[in-house]
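Structure first, then comments.
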There are 2 protein chains.
Amino acid sequence: MPENNLVPSPETRPKPSRTTTRRRKSKKKTVAPRLRIIPLGGLGQIGKNMMALECGDDIIVIDAGIMFPSEEMIGVDTVIPDMSYLVENRTRVRGLVITHGHEDHIGAVSYLLSAVNVPVYATKLSTRLIAMGLKQKGSKVKAQVNEVAPGEVITLGCMTMEMFPVCHSIPDAVGLIIETPLGTIVHTGDFKLDHNPVIGEPTDLHRLALVGSKQVLLLLSDSTYAELPGYTPPEQTVADSLDRIVMGAKGRVIVATFSSLVARIQQVMDIAAKYKRHVFVTGRSMEGIVKVTSEIGYLNVPPRTVSKYEQIHNLPPDKVVILTTGTQGEPTSALVRMGTGEHPHVKIREGDTVVMSATPIPGNEQVVSKTINNLFRLGANVVYGSQSRVHVHGHGSEEELKTVFNLVRPKFFIPVHGEYRHLAKHAKIAEDMGIPRENIFVLDNGDVLELDGTKGKVVDKVPAGDFVANGPIIRELDVSVMRDRRLLSRDGVVFVTIVISPTTGRLEGEPVIVSKGFVDPEEYGELLEGGRKAVASAVALGKTAGSGRGAIEARARETLARYLYEKTHRKPVIIPVVTGL
Amino acid sequence: MPENNLVPSPETRPKPSRTTTRRRKSKKKTVAPRLRIIPLGGLGQIGKNMMALECGDDIIVIDAGIMFPSEEMIGVDTVIPDMSYLVENRTRVRGLVITHGHEDHIGAVSYLLSAVNVPVYATKLSTRLIAMGLKQKGSKVKAQVNEVAPGEVITLGCMTMEMFPVCHSIPDAVGLIIETPLGTIVHTGDFKLDHNPVIGEPTDLHRLALVGSKQVLLLLSDSTYAELPGYTPPEQTVADSLDRIVMGAKGRVIVATFSSLVARIQQVMDIAAKYKRHVFVTGRSMEGIVKVTSEIGYLNVPPRTVSKYEQIHNLPPDKVVILTTGTQGEPTSALVRMGTGEHPHVKIREGDTVVMSATPIPGNEQVVSKTINNLFRLGANVVYGSQSRVHVHGHGSEEELKTVFNLVRPKFFIPVHGEYRHLAKHAKIAEDMGIPRENIFVLDNGDVLELDGTKGKVVDKVPAGDFVANGPIIRELDVSVMRDRRLLSRDGVVFVTIVISPTTGRLEGEPVIVSKGFVDPEEYGELLEGGRKAVASAVALGKTAGSGRGAIEARARETLARYLYEKTHRKPVIIPVVTGL
């Protein structure tokens, strides 16, 4: 079985190389090193979940995240990037560098490490979240996760890597400055420009200006919101709206947001404290992040603000704030269960105000809308949408992207992080900013771009398909299996068993029909019984004598398909099994 | 079988009553008539696809549209409103009144008429589209579709109905003024205020003012864009953007929009003619609507503008406009096939400009995005999104809704057309406009609101579930079947057939395992073979002797489930069939 084919056996697994520079120095190079940039992570987003940066013999991996399956990937929970290129070149991989702690940047760390156990470099919060993830997944890998502070310089083969602070919707996000023998590379990571963020440092424009004062060879920059004009508003603007809502609310205020959006959590805590409301935190991931970020001092919980449910449930409604997750309509999340009346503690009632402090990620609009409708039906006032100003994005808009071009002044540019259309738009912005068209590369995952200092070219394509992870088991995404699942989900499946006597070659007993997802068998017993009879008469009557299994199966399938379509205008998948022959 | 249970047999079908007033007059009424409003159409949208208006013995049906299935309605193509209330009360239904020709307002006409064949009243274009729909569906109903002009008064039992022009994203849309013994009802239909529309009349504010100068009992108004502040821009603003794009384009311009958005088609034709470009129309529905609306003189095709493919394909690219459908990412639409390179005529190439003159309907964002990415990859410049101003909505925003309140000044108000959250927002707007809270009714489908002139109350609930239509066959939406389909689509299905000798009670031959949508059977033959062996040993070994079928099935299911989960971490649906016992 090809499962786990990404994971080499222990004997072939390379020793972690913490002293890669020594090994490199012992080699004598005669040819100039090639610089190769390979976006690997996937699912429509390009270069977001994983990238490889290759210089001569050395490979740096940037991020190892999971992808969220698209609609057509039926029955798939988690998608991870194709790591086979890294596995093949595992002796050359010098390290995994993490830009920030979102799942689409760290969720696949355990899979990568179990295939290629290299040192990991990440900022403080990211290291904690990686450790949490490894523990949750029950990973047995002995991971070497190194905490790195912005400004620290790490040597990775012939390259050095320095992190610089950027603002994003999670604390401790960084961009990268990578020095290579061919020149300097700047990678923004996910970022926005927020000059006065609620938590942490603003994006380090000074460092970018400094690096841009010498010739930067290559810029890789976040394209997620390249389509939005202007500037993304700063996080603090949300405080005004939240404050007004809490001040005016006569009942409980329930705020739902992303658990990793610690700055938002901080603002909710502060406003609750201001109005002497107690905060009840519910939802597993929200509770987890509040704990971790309080421990490392990132979240500053005002004294006597966070309370247990037993403490708040007898308080007057105007003394309560509930902080929770579920803004994406996740079926098991706290907010969704409040909407369906299934939350163990919180029953929504007239007078409650629910604040959706997030926007739906594309693809989630319908389920989110359903939760909003449910909450309204229960009598809550639901505050949501851009008009209500209770959320700001975590990525920079057009003018912020231009600011980065202006500071970094790169020779070459690769737009990353986004769908192809976002990269195309970002490429256009780069052209407007004076970068020659031939120096801009809109890549697809798996493209190998080679740069030699004066020009760049896509020279190769490496595997960058999508892999499906189920617990510890990794499998290639099988398109034919997906197609079968889609077929099954359309009209269900009908299974017909026919036993043929090995001696007479005739039908033995009656065919057995079982269906699933087609019609309710209790209500439609007559229909299925009719189908059974149709099959019986088609394969009986001595017709089967001398026929092969295939011929009988085909006749049964055809007969049943015709019968069921006539009666129902539906086309379930029909699976005949002839046995006993 | 309960299929087609909505369709009464011919004997019980009522004679169409074109002279309903006479019949009513012959009855003597002693009690004051009750006015009852019942939203029937469905799927999250309330009162959009079908409503019943009931006064005493008379029922008017407003619209009969199909719904587009939501994500969780796996394998369902078309959903129609539950018509059982109308079927039960079929002798009282005086007519079906159509507000406009969109599928979600006319798509279920054939189903309603085959159950309750009442006269249909609609404006000119709507009658043509209804006729097209009946023909396409192969309906055998002898439909009485009456063309009505705005201002004409139609008597329907104790009520009269007058249509007034409204602007919407299809020509010939109307609102309704219905006089009842209890007072006047105004129903806006789907509308926006466009004072200078490209085709047809502006929304008739004069008529609304006139009706509002006497006391209007009840307003029902379109809530679709109640969440948007301000005014929806007029259709003509799109012309400026389109003109600029066509003027600046050095290659072909491909414009995709809704086929029913005739005003947009008109604008594209006019701009093409201005720049001496030929228009090639592709996509079945687009070709159909261009034909119908040209015939009735609604679309004014400039001479020598529309050309066949053979005529345009040798023209210089800057002499070509291609008008097509597919803005919602429909898999078989022309634009989607251009994106995948599968369109028979149009191959996208560098220099093409593609204009997405529409926004994705909620739920379609991902598939639309995929098409945009595909078109960019092929080298097209794709113009889309609100920044590009190539689309305006067809529904009124907050200030337009307020304008209607201001003119109509109703005593009671029911927000209709929208999800619950839109109705809730519209109700809030109504309150702001001075309508007392107790006179505003946010209903759900199936709610029966009774009005007596001084107050209203929900007095009953009638069936308003969703029905699934497959060709001519109508079936109740079966939640358990949906759940099964979802299960099947997650990890597929594995069947195991076990033949037990009727004489010895022992396993006869080997179990047979067949899977679908689980794993690729060729690649994973070993896995399935292992499963087969596990089942064989679990049910063999004399264990089966004396066991019932149920016990053997349970043991087989359990064994196989455990084995497959261990090997794959997946949980396919397992269906054991024991036969021969």
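How things are named: the first chain in the structure tokens is A, the next is B, and so on; residues count from 1 in each chain; ligands count from 1 in the order shown.
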Quick one: residues within 7 Å of Ala52 in chain A, only C-alpha atoms counted, chain neighbours fewer than 4 positions away excluded, as a list of chain:residue names?
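These residues fall inside the cut-off: A:Ile37, A:Ile38, A:Pro39, A:Ile59, A:Ile60, A:Val61, A:Ile62.
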Please provide the set of residues having any atom within 10 Å of range 398-411 of chain B, restricted to only C-alpha atoms, with same-chain residues fewer than 6 positions apart removed, written as JSON, numbers by chain.
{"B": [184, 185, 186, 188, 191, 192, 193, 194, 205, 206, 207, 208, 209, 210, 211, 212, 213, 214, 215, 216, 217, 218, 219, 220, 221, 222, 223, 225, 226, 227, 228, 229, 230, 231, 232, 425, 426, 429, 430, 432, 433, 434, 435, 436, 439, 440, 453, 454, 455]}
May I have the residues within 7 Å of range 507-510 of chain B as a list of chain:residue names, using only C-alpha atoms and disregarding those fewer than 3 positions away in the same chain?
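So, after excluding close chain neighbours, the residues are B:Val499, B:Ile500, B:Ser501, B:Ala536, B:Ala540.
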Would you mind exporting the chosen residues as a short mmCIF file (atom, residue, chain, number, x, y, z; two decimals), in the first residue's frame, restricted to N, CA and C atoms?
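Below is the file that was written, again.cif:
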data_model
loop_
_atom_site.label_atom_id
_atom_site.label_comp_id
_atom_site.auth_asym_id
_atom_site.auth_seq_id
_atom_site.Cartn_x
_atom_site.Cartn_y
_atom_site.Cartn_z
N VAL B 499 -22.26 -15.54 1.84
CA VAL B 499 -23.25 -16.57 1.54
C VAL B 499 -23.12 -17.67 2.60
N ILE B 500 -24.23 -17.95 3.26
CA ILE B 500 -24.24 -18.99 4.29
C ILE B 500 -25.06 -20.16 3.75
N SER B 501 -24.50 -21.32 3.88
CA SER B 501 -25.21 -22.50 3.39
C SER B 501 -26.50 -22.72 4.17
N ALA B 536 -13.91 -13.15 6.70
CA ALA B 536 -14.05 -14.61 6.58
C ALA B 536 -13.75 -15.29 7.90
N ALA B 540 -16.52 -17.25 9.95
CA ALA B 540 -16.36 -18.70 9.72
C ALA B 540 -16.18 -19.40 11.05
#
Tell me which protein, DNA and RNA residues are within 8 Å of Asp520 in chain B, counting only C-alpha atoms, leaving out same-chain ones fewer than 3 positions away, and put them as number ranges by chain.
A: 478, 480-481; B: 517, 523-524
Take the residues from that selection and write them out as a short mmCIF file (atom, residue, chain, number, x, y, z; two decimals), in the first residue's frame, keeping C-alpha atoms.
data_model
loop_
_atom_site.label_atom_id
_atom_site.label_comp_id
_atom_site.auth_asym_id
_atom_site.auth_seq_id
_atom_site.Cartn_x
_atom_site.Cartn_y
_atom_site.Cartn_z
CA ASP A 478 -7.29 10.34 -5.79
CA SER A 480 -11.31 8.96 -9.42
CA VAL A 481 -12.23 8.23 -5.81
CA GLY B 517 -15.53 5.96 -3.40
CA GLU B 523 -4.07 0.25 -6.03
CA TYR B 524 -5.45 -1.01 -2.74
#
To one decimal place in Å, what is the distance between CA of Ala427 in chain B and CA of Ser386 in chain A?
19.9 Å
I need the chain A residues near chain B as a count of residues only; criterion: at most 7 Å, counting only C-alpha atoms.
35
If you run DSSP on the backbone here, which positions in range 190-244 of chain B get strand (DSSP E)? Please write them as number ranges by chain.
B: 216-222
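Using only C-alpha atoms, the protein and nucleic acid residues lying no more than 9 Å from Val97 in chain B, apart from those fewer than 2 places from it along its own chain, are B:Ile60, B:Val61, B:Ile62, B:Asp63, B:Ala64, B:Gly95, B:Thr99, B:Pro119, B:Val120, B:Tyr121, B:Ala122, B:Met161, B:Leu176.
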CA of Leu113 in chain A to CA of Tyr85 in chain A, straight-line distance in Å
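Going from CA of Tyr85 in chain A over to CA of Leu113 in chain A covers 14.0 Å.
Interatomic distance, CA of Gly157 in chain A against CA of Ile177 in chain A: 14.9 Å.
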Within 8 Å of Val459 in chain A, counting only C-alpha atoms, which residues show up once you throw out same-chain ones fewer than 2 positions away? Write them as a list in words, please.
Asp447, Val448, Leu449, Glu450, Lys457 and Lys461 of chain A
Writing out the chosen residues with C-alpha atoms as a PDB file, in the first residue's frame:
ATOM      1  CA  ASP A 447       7.090  25.714 -10.658  1.00  0.00           C
ATOM      2  CA  VAL A 448      10.850  25.911 -10.185  1.00  0.00           C
ATOM      3  CA  LEU A 449      12.034  29.449 -10.805  1.00  0.00           C
ATOM      4  CA  GLU A 450      15.762  29.776 -11.292  1.00  0.00           C
ATOM      5  CA  LYS A 457      13.232  31.507 -15.707  1.00  0.00           C
ATOM      6  CA  LYS A 461       8.186  21.512 -12.447  1.00  0.00           C
TER       7      LYS A 461
END
Go through A:Leu125, A:His100, A:Pro316, A:Asn146 and flag the residue nearest Gly175 in chain A, using only C-alpha atoms for the distances.
A:His100
Go through range 76-239 of chain A and collect every residue that DSSP, computed from the backbone, puts in alpha helix (DSSP H); the answer should be as a PyMOL selection string.
chain A and resi 84-88+103-106+109-115+124-136+205-213+237-239
Just write the chosen residues, N, CA and C atoms, as a compact mmCIF listing (two decimals), in the first residue's frame.
# COMPACT_ATOMS: atom_id res chain seq x y z
N SER A 84 7.06 15.41 -1.53
CA SER A 84 7.98 14.43 -2.10
C SER A 84 9.28 15.07 -2.59
N TYR A 85 9.21 16.32 -3.07
CA TYR A 85 10.45 16.97 -3.51
C TYR A 85 11.41 17.13 -2.33
N LEU A 86 10.84 17.49 -1.18
CA LEU A 86 11.69 17.68 0.01
C LEU A 86 12.22 16.34 0.51
N VAL A 87 11.37 15.31 0.41
CA VAL A 87 11.80 13.99 0.88
C VAL A 87 12.95 13.49 0.00
N GLU A 88 12.81 13.69 -1.31
CA GLU A 88 13.87 13.28 -2.24
C GLU A 88 15.19 13.99 -1.97
N GLU A 103 -2.77 27.87 11.33
CA GLU A 103 -2.76 26.46 10.91
C GLU A 103 -2.30 26.28 9.46
N ASP A 104 -2.64 27.25 8.61
CA ASP A 104 -2.21 27.08 7.21
C ASP A 104 -0.73 27.40 7.02
N HIS A 105 -0.03 27.65 8.13
CA HIS A 105 1.42 27.82 8.06
C HIS A 105 2.18 26.83 8.97
N ILE A 106 1.49 26.29 9.96
CA ILE A 106 2.18 25.34 10.85
C ILE A 106 1.49 23.98 10.95
N VAL A 109 3.46 20.75 10.10
CA VAL A 109 4.82 20.59 10.63
C VAL A 109 5.07 19.12 11.03
N SER A 110 4.09 18.51 11.69
CA SER A 110 4.29 17.13 12.14
C SER A 110 4.51 16.19 10.95
N TYR A 111 3.80 16.43 9.85
CA TYR A 111 3.97 15.57 8.67
C TYR A 111 5.34 15.77 8.05
N LEU A 112 5.76 17.05 7.95
CA LEU A 112 7.07 17.30 7.35
C LEU A 112 8.18 16.69 8.21
N LEU A 113 8.08 16.92 9.53
CA LEU A 113 9.16 16.44 10.40
C LEU A 113 9.25 14.92 10.42
N SER A 114 8.10 14.24 10.31
CA SER A 114 8.19 12.78 10.34
C SER A 114 8.79 12.26 9.04
N ALA A 115 8.83 13.09 8.01
CA ALA A 115 9.49 12.70 6.76
C ALA A 115 10.92 13.23 6.71
N LYS A 124 8.34 33.14 19.41
CA LYS A 124 7.88 32.54 20.66
C LYS A 124 6.49 31.91 20.56
N LEU A 125 5.48 32.69 20.18
CA LEU A 125 4.12 32.12 20.15
C LEU A 125 4.02 30.97 19.16
N SER A 126 4.71 31.12 18.02
CA SER A 126 4.65 30.05 17.01
C SER A 126 5.22 28.75 17.58
N THR A 127 6.31 28.85 18.34
CA THR A 127 6.89 27.61 18.91
C THR A 127 5.88 26.95 19.85
N ARG A 128 5.14 27.76 20.63
CA ARG A 128 4.15 27.18 21.55
C ARG A 128 3.03 26.50 20.77
N LEU A 129 2.60 27.14 19.72
CA LEU A 129 1.49 26.58 18.94
C LEU A 129 1.94 25.33 18.18
N ILE A 130 3.18 25.32 17.71
CA ILE A 130 3.71 24.11 17.05
C ILE A 130 3.74 22.97 18.07
N ALA A 131 4.22 23.26 19.28
CA ALA A 131 4.29 22.22 20.31
C ALA A 131 2.89 21.69 20.62
N MET A 132 1.91 22.61 20.75
CA MET A 132 0.52 22.18 20.98
C MET A 132 0.04 21.26 19.87
N GLY A 133 0.35 21.64 18.65
CA GLY A 133 -0.09 20.87 17.47
C GLY A 133 0.52 19.48 17.46
N LEU A 134 1.82 19.41 17.73
CA LEU A 134 2.50 18.11 17.74
C LEU A 134 1.89 17.21 18.80
N LYS A 135 1.59 17.81 19.96
CA LYS A 135 1.01 17.04 21.07
C LYS A 135 -0.39 16.55 20.68
N GLN A 136 -1.22 17.46 20.17
CA GLN A 136 -2.59 17.09 19.77
C GLN A 136 -2.60 15.97 18.74
N LEU A 205 9.16 48.88 9.30
CA LEU A 205 9.45 49.62 8.07
C LEU A 205 10.91 50.07 8.03
N HIS A 206 11.46 50.36 9.20
CA HIS A 206 12.86 50.76 9.27
C HIS A 206 13.78 49.70 8.72
N ARG A 207 13.53 48.46 9.17
CA ARG A 207 14.39 47.36 8.72
C ARG A 207 14.24 47.18 7.21
N LEU A 208 13.00 47.33 6.72
CA LEU A 208 12.77 47.18 5.28
C LEU A 208 13.49 48.30 4.50
N ALA A 209 13.45 49.52 5.05
CA ALA A 209 14.13 50.63 4.39
C ALA A 209 15.63 50.39 4.34
N LEU A 210 16.15 49.88 5.45
CA LEU A 210 17.58 49.62 5.54
C LEU A 210 18.01 48.57 4.52
N VAL A 211 17.26 47.47 4.49
CA VAL A 211 17.63 46.41 3.55
C VAL A 211 17.43 46.91 2.11
N GLY A 212 16.43 47.78 1.91
CA GLY A 212 16.16 48.30 0.57
C GLY A 212 17.18 49.33 0.13
N SER A 213 17.98 49.85 1.06
CA SER A 213 18.97 50.86 0.68
C SER A 213 20.14 50.23 -0.07
N THR A 237 -9.33 50.25 15.31
CA THR A 237 -10.62 50.83 14.90
C THR A 237 -11.79 49.95 15.35
N VAL A 238 -11.51 48.66 15.54
CA VAL A 238 -12.57 47.76 15.99
C VAL A 238 -13.01 48.11 17.41
N ALA A 239 -12.07 48.62 18.21
CA ALA A 239 -12.38 48.93 19.61
C ALA A 239 -13.54 49.91 19.72
All residues 9 Å or closer to Val321 in chain B, only C-alpha atoms, same chain fewer than 3 positions away omitted, as a ChimeraX atom specification
/B:246,252-255,268-269,272,277-281,317-318
